[in-house]
>>> print(open('model-v3.pdb').read())   # PDB, C-alpha atoms
ATOM      1  CA  ASP A   1     -36.252   5.196  -4.934
ATOM      2  CA  THR A   2     -33.706   4.216  -2.293
ATOM      3  CA  ARG A   3     -31.742   1.962  -4.644
ATOM      4  CA  THR A   4     -31.388   4.775  -7.200
ATOM      5  CA  GLU A   5     -30.299   7.176  -4.459
ATOM      6  CA  GLN A   6     -27.720   4.678  -3.169
ATOM      7  CA  TRP A   7     -26.254   4.152  -6.656
ATOM      8  CA  SER A   8     -26.268   7.901  -7.362
ATOM      9  CA  GLY A   9     -24.485   8.592  -4.087
ATOM     10  CA  GLY A  10     -21.901   5.899  -4.784
ATOM     11  CA  LEU A  11     -21.271   7.218  -8.274
ATOM     12  CA  LEU A  12     -20.910  10.804  -7.088
ATOM     13  CA  LEU A  13     -18.484   9.737  -4.362
ATOM     14  CA  ALA A  14     -16.519   7.665  -6.896
ATOM     15  CA  THR A  15     -16.009  10.859  -8.922
ATOM     16  CA  VAL A  16     -14.090  12.280  -5.947
ATOM     17  CA  CYS A  17     -12.231   9.079  -4.954
ATOM     18  CA  TYR A  18     -14.104   8.741  -1.636
ATOM     19  CA  SER A  19     -16.426   5.811  -2.210
ATOM     20  CA  GLY A  20     -15.809   4.494   1.288
ATOM     21  CA  PHE A  21     -17.822   7.450   2.580
ATOM     22  CA  LYS A  22     -20.987   5.828   1.172
ATOM     23  CA  VAL A  23     -20.466   2.674   3.191
ATOM     24  CA  GLU A  24     -18.959   4.167   6.352
ATOM     25  CA  HIS A  25     -21.334   7.081   6.660
ATOM     26  CA  ILE A  26     -24.471   4.928   6.589
ATOM     27  CA  ARG A  27     -23.258   1.760   8.320
ATOM     28  CA  GLY A  28     -20.691   3.319  10.661
ATOM     29  CA  HIS A  29     -21.321   6.999  11.342
ATOM     30  CA  HIS A  30     -25.108   6.785  11.596
ATOM     31  CA  VAL A  31     -24.766   3.890  14.053
ATOM     32  CA  HIS A  32     -21.997   5.380  16.222
ATOM     33  CA  VAL A  33     -22.618   9.125  15.808
ATOM     34  CA  SER A  34     -21.476  11.234  18.765
ATOM     35  CA  THR A  35     -19.650   8.323  20.439
ATOM     36  CA  PRO A  36     -15.913   7.677  20.829
ATOM     37  CA  GLU A  37     -16.252   4.923  18.166
ATOM     38  CA  ASP A  38     -17.121   7.481  15.473
ATOM     39  CA  ALA A  39     -14.218   9.203  13.740
ATOM     40  CA  SER A  40     -16.663  11.594  12.040
ATOM     41  CA  SER A  41     -17.844  13.071  15.343
ATOM     42  CA  SER A  42     -15.364  15.752  16.356
ATOM     43  CA  ARG A  43     -14.490  16.004  20.023
ATOM     44  CA  TYR A  44     -14.745  19.167  22.074
ATOM     45  CA  GLY A  45     -11.450  21.031  21.738
ATOM     46  CA  GLN A  46     -10.316  18.985  18.723
ATOM     47  CA  SER A  47      -8.991  21.219  15.979
ATOM     48  CA  LEU A  48     -10.045  20.788  12.380
ATOM     49  CA  TYR A  49      -6.417  20.008  11.529
ATOM     50  CA  GLN A  50      -6.394  17.136  14.033
ATOM     51  CA  PHE A  51      -9.819  15.927  12.930
ATOM     52  CA  LEU A  52      -9.414  15.790   9.147
ATOM     53  CA  PRO A  53      -6.553  13.293   8.745
ATOM     54  CA  HIS A  54      -7.933  11.052  11.497
ATOM     55  CA  ALA A  55     -11.445  11.047  10.016
ATOM     56  CA  ILE A  56     -10.310  10.394   6.442
ATOM     57  CA  VAL A  57      -7.962   7.526   7.331
ATOM     58  CA  HIS A  58     -10.265   5.917   9.899
ATOM     59  CA  ASN A  59     -13.405   6.224   7.778
ATOM     60  CA  THR A  60     -11.700   4.722   4.733
ATOM     61  CA  ALA A  61     -10.373   1.773   6.752
ATOM     62  CA  ASN A  62     -13.692   1.301   8.536
ATOM     63  CA  ALA A  63     -15.589   1.248   5.226
ATOM     64  CA  TRP A  64     -13.492  -1.721   4.062
ATOM     65  CA  LYS A  65     -14.015  -3.443   7.425
ATOM     66  CA  LEU A  66     -17.786  -2.911   7.312
ATOM     67  CA  GLU A  67     -18.021  -4.118   3.713
ATOM     68  CA  ALA A  68     -15.961  -7.222   4.546
ATOM     69  CA  GLN A  69     -18.299  -7.969   7.468
ATOM     70  CA  ARG A  70     -21.356  -7.583   5.231
ATOM     71  CA  LEU A  71     -19.912  -9.884   2.598
ATOM     72  CA  ARG A  72     -18.798 -12.587   5.053
ATOM     73  CA  LYS A  73     -22.271 -12.559   6.613
ATOM     74  CA  ALA A  74     -23.724 -13.078   3.121
ATOM     75  CA  GLY A  75     -21.266 -15.921   2.471
ATOM     76  CA  HIS A  76     -19.029 -14.011   0.041
ATOM     77  CA  SER A  77     -15.336 -13.235   0.086
ATOM     78  CA  PRO A  78     -14.435  -9.586   0.713
ATOM     79  CA  LEU A  79     -12.207  -9.796  -2.382
ATOM     80  CA  SER A  80     -15.019 -10.703  -4.770
ATOM     81  CA  TRP A  81     -17.101  -8.883  -7.336
ATOM     82  CA  HIS A  82     -19.791  -8.554  -4.637
ATOM     83  CA  ASN A  83     -17.657  -5.908  -2.884
ATOM     84  CA  GLU A  84     -19.156  -2.555  -3.843
ATOM     85  CA  LEU A  85     -16.016  -0.675  -2.771
ATOM     86  CA  ILE A  86     -14.017  -2.493  -5.416
ATOM     87  CA  TRP A  87     -16.498  -1.383  -8.094
ATOM     88  CA  TRP A  88     -16.603   2.234  -6.910
ATOM     89  CA  ASN A  89     -12.794   2.376  -6.741
ATOM     90  CA  VAL A  90     -12.513   0.926 -10.247
ATOM     91  CA  ILE A  91     -14.708   3.819 -11.414
ATOM     92  CA  SER A  92     -12.418   6.307  -9.604
ATOM     93  CA  ILE A  93      -9.335   4.763 -11.228
ATOM     94  CA  ALA A  94     -11.017   4.806 -14.650
ATOM     95  CA  LEU A  95     -11.871   8.498 -14.229
ATOM     96  CA  ALA A  96      -8.308   9.282 -13.166
ATOM     97  CA  ALA A  97      -7.028   7.404 -16.221
ATOM     98  CA  MET A  98      -9.425   9.289 -18.537
ATOM     99  CA  PHE A  99      -8.320  12.656 -17.138
ATOM    100  CA  THR A 100      -4.697  11.603 -17.557
ATOM    101  CA  LEU A 101      -5.245  10.443 -21.142
ATOM    102  CA  ALA A 102      -7.149  13.588 -22.048
ATOM    103  CA  TRP A 103      -4.906  16.189 -20.361
ATOM    104  CA  SER A 104      -1.691  14.368 -19.429
ATOM    105  CA  TRP A 105      -0.327  14.717 -15.916
ATOM    106  CA  MET A 106      -2.181  18.034 -15.420
ATOM    107  CA  GLY A 107      -5.472  16.192 -15.904
ATOM    108  CA  LEU A 108      -4.522  13.758 -13.162
ATOM    109  CA  VAL A 109      -3.407  16.580 -10.855
ATOM    110  CA  TYR A 110      -6.711  18.391 -11.437
ATOM    111  CA  PHE A 111      -8.747  15.225 -10.852
ATOM    112  CA  LEU A 112      -6.921  14.389  -7.620
ATOM    113  CA  GLY A 113      -7.052  18.042  -6.507
ATOM    114  CA  GLN A 114     -10.808  18.295  -6.925
ATOM    115  CA  SER A 115     -11.108  14.986  -5.065
ATOM    116  CA  LEU A 116      -9.097  16.339  -2.144
ATOM    117  CA  VAL A 117     -11.241  19.483  -1.996
ATOM    118  CA  ALA A 118     -14.485  17.446  -2.062
ATOM    119  CA  ILE A 119     -13.289  14.996   0.619
ATOM    120  CA  THR A 120     -12.167  17.874   2.824
ATOM    121  CA  LEU A 121     -15.526  19.639   2.451
ATOM    122  CA  LEU A 122     -17.475  16.474   3.301
ATOM    123  CA  GLU A 123     -15.452  15.951   6.455
ATOM    124  CA  ILE A 124     -15.627  19.635   7.443
ATOM    125  CA  ILE A 125     -19.412  19.286   7.355
ATOM    126  CA  ASN A 126     -19.143  16.300   9.730
ATOM    127  CA  TYR A 127     -16.789  18.298  11.945
ATOM    128  CA  VAL A 128     -19.245  21.178  12.258
ATOM    129  CA  GLU A 129     -22.387  19.045  12.558
ATOM    130  CA  HIS A 130     -21.113  16.989  15.495
ATOM    131  CA  TYR A 131     -18.502  19.180  17.178
ATOM    132  CA  GLY A 132     -18.347  18.527  20.917
ATOM    133  CA  LEU A 133     -21.561  16.513  21.051
ATOM    134  CA  HIS A 134     -21.701  13.099  22.677
ATOM    135  CA  ARG A 135     -24.202  10.418  23.565
ATOM    136  CA  ARG A 136     -24.219   9.163  27.130
ATOM    137  CA  LYS A 137     -23.393   5.536  27.815
ATOM    138  CA  LEU A 138     -26.246   3.822  29.638
ATOM    139  CA  ASP A 139     -25.970   1.367  32.532
ATOM    140  CA  ASN A 140     -26.483  -1.555  30.126
ATOM    141  CA  GLY A 141     -23.325  -0.544  28.206
ATOM    142  CA  ARG A 142     -25.197   0.810  25.192
ATOM    143  CA  TYR A 143     -25.373   4.447  24.189
ATOM    144  CA  GLU A 144     -28.496   6.530  24.492
ATOM    145  CA  ARG A 145     -30.671   6.737  21.406
ATOM    146  CA  THR A 146     -29.564   9.242  18.750
ATOM    147  CA  THR A 147     -31.672  12.403  18.796
ATOM    148  CA  ILE A 148     -31.532  15.870  17.262
ATOM    149  CA  GLU A 149     -29.322  16.927  20.198
ATOM    150  CA  HIS A 150     -26.476  14.883  18.699
ATOM    151  CA  SER A 151     -26.060  17.027  15.596
ATOM    152  CA  TRP A 152     -25.698  20.758  15.016
ATOM    153  CA  ASN A 153     -27.394  20.653  11.612
ATOM    154  CA  SER A 154     -30.991  21.678  11.015
ATOM    155  CA  ASN A 155     -33.364  19.670   8.877
ATOM    156  CA  TYR A 156     -34.836  22.407   6.704
ATOM    157  CA  LEU A 157     -35.158  22.470   2.922
ATOM    158  CA  LEU A 158     -32.818  25.431   2.403
ATOM    159  CA  THR A 159     -30.025  24.114   4.651
ATOM    160  CA  ASN A 160     -30.314  20.644   3.096
ATOM    161  CA  LEU A 161     -30.084  22.141  -0.408
ATOM    162  CA  PHE A 162     -26.930  24.060   0.556
ATOM    163  CA  LEU A 163     -25.466  20.918   2.107
TER
END
>>> encode(input="model-v3.pdb", output="structure tokens")
Amino acid sequence: DTRTEQWSGGLLLATVCYSGFKVEHIRGHHVHVSTPEDASSSRYGQSLYQFLPHAIVHNTANAWKLEAQRLRKAGHSPLSWHNELIWWNVISIALAAMFTLAWSWMGLVYFLGQSLVAITLLEIINYVEHYGLHRRKLDNGRYERTTIEHSWNSNYLLTNLFL
């Protein structure tokens, strides 16, 4: 069920303080993959150290922008209970608070540390999957259709399980 998968993905990303990835990856990255507009598509010659901070900051900001656009289109304020990023971030804050209450400041350090590792791994996967690939801009100003040539990953059961 797509709805169950969406909620599961959001919850898992909330456990690593990166809920914006759920919104940005689907509504941003999948739309703009392998174009200059996509911060998750690494450029040829771009180092991982250049890519990571740019991707994390841009993708987080873009998630909020995309969610605000969705809500305005639906007639809601971006700062309302309809904003899924607010809910996912409340879960992240609650988890951080629970770790802090249970294990003091070391619990918080552990929680934030595992979040940093998870975020870094997610973005490293994007770096590898799209390194140096780009979609051509057509005469009409749009980009060519996304195909398998715009990602280095392979769609096989074993590689998807490892991912």
>>> closest_residue(input="model-v3.pdb", among="A:Glu144, A:Glu129, A:Glu149, A:Asp139", to="A:Ser42", atoms="only C-alpha atoms")
A:Glu129
>>> residues_around(input="model-v3.pdb", residues="A:Ser19", least_positions_apart="3", cutoff="8 Å", atoms="all atoms listed in the file", output="compact mmCIF listing (two decimals) with C-alpha atoms, keeping the file's coordinate frame")
# COMPACT_ATOMS: atom_id res chain seq x y z
CA GLY A 10 -21.90 5.90 -4.78
CA LEU A 11 -21.27 7.22 -8.27
CA LEU A 13 -18.48 9.74 -4.36
CA ALA A 14 -16.52 7.66 -6.90
CA VAL A 16 -14.09 12.28 -5.95
CA LYS A 22 -20.99 5.83 1.17
CA VAL A 23 -20.47 2.67 3.19
CA LEU A 85 -16.02 -0.68 -2.77
CA TRP A 88 -16.60 2.23 -6.91
CA ASN A 89 -12.79 2.38 -6.74
>>> atom_distance(input="model-v3.pdb", atom1="atom CA of A:Glu67", atom2="atom CA of A:Asn83")
6.8 Å
>>> closest_residue(input="model-v3.pdb", among="A:Asn160, A:Ala68, A:Asn153, A:Thr35", to="A:Ile86", atoms="only C-alpha atoms")
A:Ala68
>>> residues_around(input="model-v3.pdb", residues="A:Pro36", least_positions_apart="3", cutoff="12 Å", atoms="only C-alpha atoms", output="list in words")
His29, Val31, His32, Val33, Ala39, Ser40, Ser41, Ser42, Arg43, Tyr44, His130, Gly132, Leu133, His134, Arg135, Arg136, Lys137 and Tyr143 of chain A
>>> residues_around(input="model-v3.pdb", residues="A:His82", least_positions_apart="6", cutoff="10 Å", atoms="only C-alpha atoms", output="VMD selection string")
chain A and resid 67 71 74 76
>>> residues_around(input="model-v3.pdb", residues="stretch 95-105 of chain A", least_positions_apart="6", cutoff="8 Å", atoms="all atoms listed in the file", output="list of chain:residue names")
A:Thr15, A:Phe111, A:Leu112
>>> atom_distance(input="model-v3.pdb", atom1="atom CA of A:Thr60", atom2="atom CA of A:Gly20")
5.4 Å
>>> atom_distance(input="model-v3.pdb", atom1="atom CA of A:Trp152", atom2="atom CA of A:Tyr131")
7.7 Å
>>> resolve_selection(input="model-v3.pdb", expression="the PyMOL selection byres ((chain A and resi 123) around 8)", output="PyMOL selection string")
chain A and resi 40+52+55-56+119-122+124-127
>>> closest_residue(input="model-v3.pdb", among="A:Glu24, A:Asn140, A:Leu108, A:Leu48", to="A:Trp64", atoms="only C-alpha atoms")
A:Glu24
>>> decode(input="model-v3.pdb", residues="stretch 106-146 of chain A", atoms="N, CA and C atoms", output="PDB file, in the first residue's frame")
ATOM      1  N   MET A 106      24.550  12.096  26.955  1.00  0.00           N
ATOM      2  CA  MET A 106      25.142  11.060  26.098  1.00  0.00           C
ATOM      3  C   MET A 106      24.077  10.438  25.193  1.00  0.00           C
ATOM      4  N   GLY A 107      22.857  10.330  25.698  1.00  0.00           N
ATOM      5  CA  GLY A 107      21.762   9.829  24.869  1.00  0.00           C
ATOM      6  C   GLY A 107      21.492  10.755  23.697  1.00  0.00           C
ATOM      7  N   LEU A 108      21.515  12.046  23.962  1.00  0.00           N
ATOM      8  CA  LEU A 108      21.305  13.028  22.894  1.00  0.00           C
ATOM      9  C   LEU A 108      22.457  12.979  21.893  1.00  0.00           C
ATOM     10  N   VAL A 109      23.683  12.904  22.380  1.00  0.00           N
ATOM     11  CA  VAL A 109      24.842  12.828  21.489  1.00  0.00           C
ATOM     12  C   VAL A 109      24.748  11.587  20.604  1.00  0.00           C
ATOM     13  N   TYR A 110      24.387  10.451  21.194  1.00  0.00           N
ATOM     14  CA  TYR A 110      24.234   9.221  20.414  1.00  0.00           C
ATOM     15  C   TYR A 110      23.146   9.385  19.355  1.00  0.00           C
ATOM     16  N   PHE A 111      21.987   9.906  19.768  1.00  0.00           N
ATOM     17  CA  PHE A 111      20.871  10.075  18.842  1.00  0.00           C
ATOM     18  C   PHE A 111      21.262  10.979  17.673  1.00  0.00           C
ATOM     19  N   LEU A 112      21.882  12.113  17.972  1.00  0.00           N
ATOM     20  CA  LEU A 112      22.284  13.028  16.902  1.00  0.00           C
ATOM     21  C   LEU A 112      23.411  12.436  16.054  1.00  0.00           C
ATOM     22  N   GLY A 113      24.302  11.671  16.682  1.00  0.00           N
ATOM     23  CA  GLY A 113      25.388  11.016  15.944  1.00  0.00           C
ATOM     24  C   GLY A 113      24.874   9.993  14.948  1.00  0.00           C
ATOM     25  N   GLN A 114      23.923   9.154  15.398  1.00  0.00           N
ATOM     26  CA  GLN A 114      23.387   8.157  14.472  1.00  0.00           C
ATOM     27  C   GLN A 114      22.594   8.836  13.362  1.00  0.00           C
ATOM     28  N   SER A 115      21.995   9.983  13.663  1.00  0.00           N
ATOM     29  CA  SER A 115      21.283  10.745  12.637  1.00  0.00           C
ATOM     30  C   SER A 115      22.256  11.258  11.583  1.00  0.00           C
ATOM     31  N   LEU A 116      23.373  11.801  12.033  1.00  0.00           N
ATOM     32  CA  LEU A 116      24.380  12.314  11.105  1.00  0.00           C
ATOM     33  C   LEU A 116      24.922  11.202  10.206  1.00  0.00           C
ATOM     34  N   VAL A 117      25.178  10.040  10.780  1.00  0.00           N
ATOM     35  CA  VAL A 117      25.673   8.909   9.989  1.00  0.00           C
ATOM     36  C   VAL A 117      24.632   8.503   8.941  1.00  0.00           C
ATOM     37  N   ALA A 118      23.368   8.396   9.342  1.00  0.00           N
ATOM     38  CA  ALA A 118      22.305   7.986   8.415  1.00  0.00           C
ATOM     39  C   ALA A 118      22.120   9.002   7.292  1.00  0.00           C
ATOM     40  N   ILE A 119      22.102  10.285   7.628  1.00  0.00           N
ATOM     41  CA  ILE A 119      21.950  11.340   6.615  1.00  0.00           C
ATOM     42  C   ILE A 119      23.110  11.294   5.628  1.00  0.00           C
ATOM     43  N   THR A 120      24.311  11.141   6.153  1.00  0.00           N
ATOM     44  CA  THR A 120      25.501  11.072   5.302  1.00  0.00           C
ATOM     45  C   THR A 120      25.418   9.877   4.357  1.00  0.00           C
ATOM     46  N   LEU A 121      25.008   8.719   4.869  1.00  0.00           N
ATOM     47  CA  LEU A 121      24.896   7.533   4.017  1.00  0.00           C
ATOM     48  C   LEU A 121      23.844   7.713   2.925  1.00  0.00           C
ATOM     49  N   LEU A 122      22.702   8.298   3.267  1.00  0.00           N
ATOM     50  CA  LEU A 122      21.668   8.543   2.257  1.00  0.00           C
ATOM     51  C   LEU A 122      22.197   9.437   1.134  1.00  0.00           C
ATOM     52  N   GLU A 123      22.908  10.481   1.504  1.00  0.00           N
ATOM     53  CA  GLU A 123      23.405  11.401   0.488  1.00  0.00           C
ATOM     54  C   GLU A 123      24.600  10.828  -0.275  1.00  0.00           C
ATOM     55  N   ILE A 124      25.393   9.965   0.352  1.00  0.00           N
ATOM     56  CA  ILE A 124      26.467   9.295  -0.383  1.00  0.00           C
ATOM     57  C   ILE A 124      25.874   8.404  -1.471  1.00  0.00           C
ATOM     58  N   ILE A 125      24.770   7.747  -1.163  1.00  0.00           N
ATOM     59  CA  ILE A 125      24.095   6.920  -2.167  1.00  0.00           C
ATOM     60  C   ILE A 125      23.670   7.793  -3.348  1.00  0.00           C
ATOM     61  N   ASN A 126      23.085   8.966  -3.075  1.00  0.00           N
ATOM     62  CA  ASN A 126      22.719   9.876  -4.167  1.00  0.00           C
ATOM     63  C   ASN A 126      23.949  10.306  -4.952  1.00  0.00           C
ATOM     64  N   TYR A 127      25.027  10.586  -4.244  1.00  0.00           N
ATOM     65  CA  TYR A 127      26.271  11.007  -4.903  1.00  0.00           C
ATOM     66  C   TYR A 127      26.727   9.946  -5.906  1.00  0.00           C
ATOM     67  N   VAL A 128      26.771   8.710  -5.462  1.00  0.00           N
ATOM     68  CA  VAL A 128      27.244   7.620  -6.319  1.00  0.00           C
ATOM     69  C   VAL A 128      26.268   7.345  -7.456  1.00  0.00           C
ATOM     70  N   GLU A 129      24.977   7.328  -7.156  1.00  0.00           N
ATOM     71  CA  GLU A 129      23.977   6.961  -8.165  1.00  0.00           C
ATOM     72  C   GLU A 129      23.881   7.956  -9.318  1.00  0.00           C
ATOM     73  N   HIS A 130      24.248   9.210  -9.100  1.00  0.00           N
ATOM     74  CA  HIS A 130      24.052  10.211 -10.142  1.00  0.00           C
ATOM     75  C   HIS A 130      25.317  10.965 -10.515  1.00  0.00           C
ATOM     76  N   TYR A 131      26.465  10.483 -10.062  1.00  0.00           N
ATOM     77  CA  TYR A 131      27.720  11.198 -10.284  1.00  0.00           C
ATOM     78  C   TYR A 131      27.972  11.443 -11.777  1.00  0.00           C
ATOM     79  N   GLY A 132      28.121  12.713 -12.130  1.00  0.00           N
ATOM     80  CA  GLY A 132      28.523  13.088 -13.481  1.00  0.00           C
ATOM     81  C   GLY A 132      27.472  12.908 -14.557  1.00  0.00           C
ATOM     82  N   LEU A 133      26.294  12.464 -14.210  1.00  0.00           N
ATOM     83  CA  LEU A 133      25.254  12.244 -15.213  1.00  0.00           C
ATOM     84  C   LEU A 133      24.397  13.496 -15.364  1.00  0.00           C
ATOM     85  N   HIS A 134      23.939  13.759 -16.567  1.00  0.00           N
ATOM     86  CA  HIS A 134      23.080  14.922 -16.770  1.00  0.00           C
ATOM     87  C   HIS A 134      22.087  14.674 -17.901  1.00  0.00           C
ATOM     88  N   ARG A 135      20.955  15.309 -17.779  1.00  0.00           N
ATOM     89  CA  ARG A 135      19.935  15.263 -18.824  1.00  0.00           C
ATOM     90  C   ARG A 135      20.105  16.485 -19.723  1.00  0.00           C
ATOM     91  N   ARG A 136      19.990  16.262 -21.013  1.00  0.00           N
ATOM     92  CA  ARG A 136      20.123  17.357 -21.965  1.00  0.00           C
ATOM     93  C   ARG A 136      18.887  18.248 -21.933  1.00  0.00           C
ATOM     94  N   LYS A 137      19.113  19.531 -22.128  1.00  0.00           N
ATOM     95  CA  LYS A 137      18.007  20.480 -22.232  1.00  0.00           C
ATOM     96  C   LYS A 137      17.563  20.502 -23.692  1.00  0.00           C
ATOM     97  N   LEU A 138      16.270  20.349 -23.905  1.00  0.00           N
ATOM     98  CA  LEU A 138      15.719  20.308 -25.254  1.00  0.00           C
ATOM     99  C   LEU A 138      15.468  21.719 -25.781  1.00  0.00           C
ATOM    100  N   ASP A 139      15.176  21.816 -27.064  1.00  0.00           N
ATOM    101  CA  ASP A 139      14.925  23.119 -27.692  1.00  0.00           C
ATOM    102  C   ASP A 139      13.754  23.864 -27.063  1.00  0.00           C
ATOM    103  N   ASN A 140      12.787  23.115 -26.517  1.00  0.00           N
ATOM    104  CA  ASN A 140      11.609  23.755 -25.907  1.00  0.00           C
ATOM    105  C   ASN A 140      11.885  24.233 -24.476  1.00  0.00           C
ATOM    106  N   GLY A 141      13.132  24.079 -24.001  1.00  0.00           N
ATOM    107  CA  GLY A 141      13.492  24.548 -22.665  1.00  0.00           C
ATOM    108  C   GLY A 141      13.320  23.507 -21.571  1.00  0.00           C
ATOM    109  N   ARG A 142      12.703  22.387 -21.898  1.00  0.00           N
ATOM    110  CA  ARG A 142      12.523  21.312 -20.928  1.00  0.00           C
ATOM    111  C   ARG A 142      13.694  20.347 -21.049  1.00  0.00           C
ATOM    112  N   TYR A 143      13.845  19.512 -20.025  1.00  0.00           N
ATOM    113  CA  TYR A 143      14.899  18.506 -20.065  1.00  0.00           C
ATOM    114  C   TYR A 143      14.374  17.222 -20.671  1.00  0.00           C
ATOM    115  N   GLU A 144      15.294  16.460 -21.255  1.00  0.00           N
ATOM    116  CA  GLU A 144      14.889  15.173 -21.817  1.00  0.00           C
ATOM    117  C   GLU A 144      14.291  14.302 -20.720  1.00  0.00           C
ATOM    118  N   ARG A 145      13.502  13.334 -21.121  1.00  0.00           N
ATOM    119  CA  ARG A 145      12.847  12.437 -20.189  1.00  0.00           C
ATOM    120  C   ARG A 145      13.892  11.642 -19.402  1.00  0.00           C
ATOM    121  N   THR A 146      13.609  11.395 -18.126  1.00  0.00           N
ATOM    122  CA  THR A 146      14.516  10.617 -17.280  1.00  0.00           C
ATOM    123  C   THR A 146      14.493   9.157 -17.724  1.00  0.00           C
TER     124      THR A 146
END
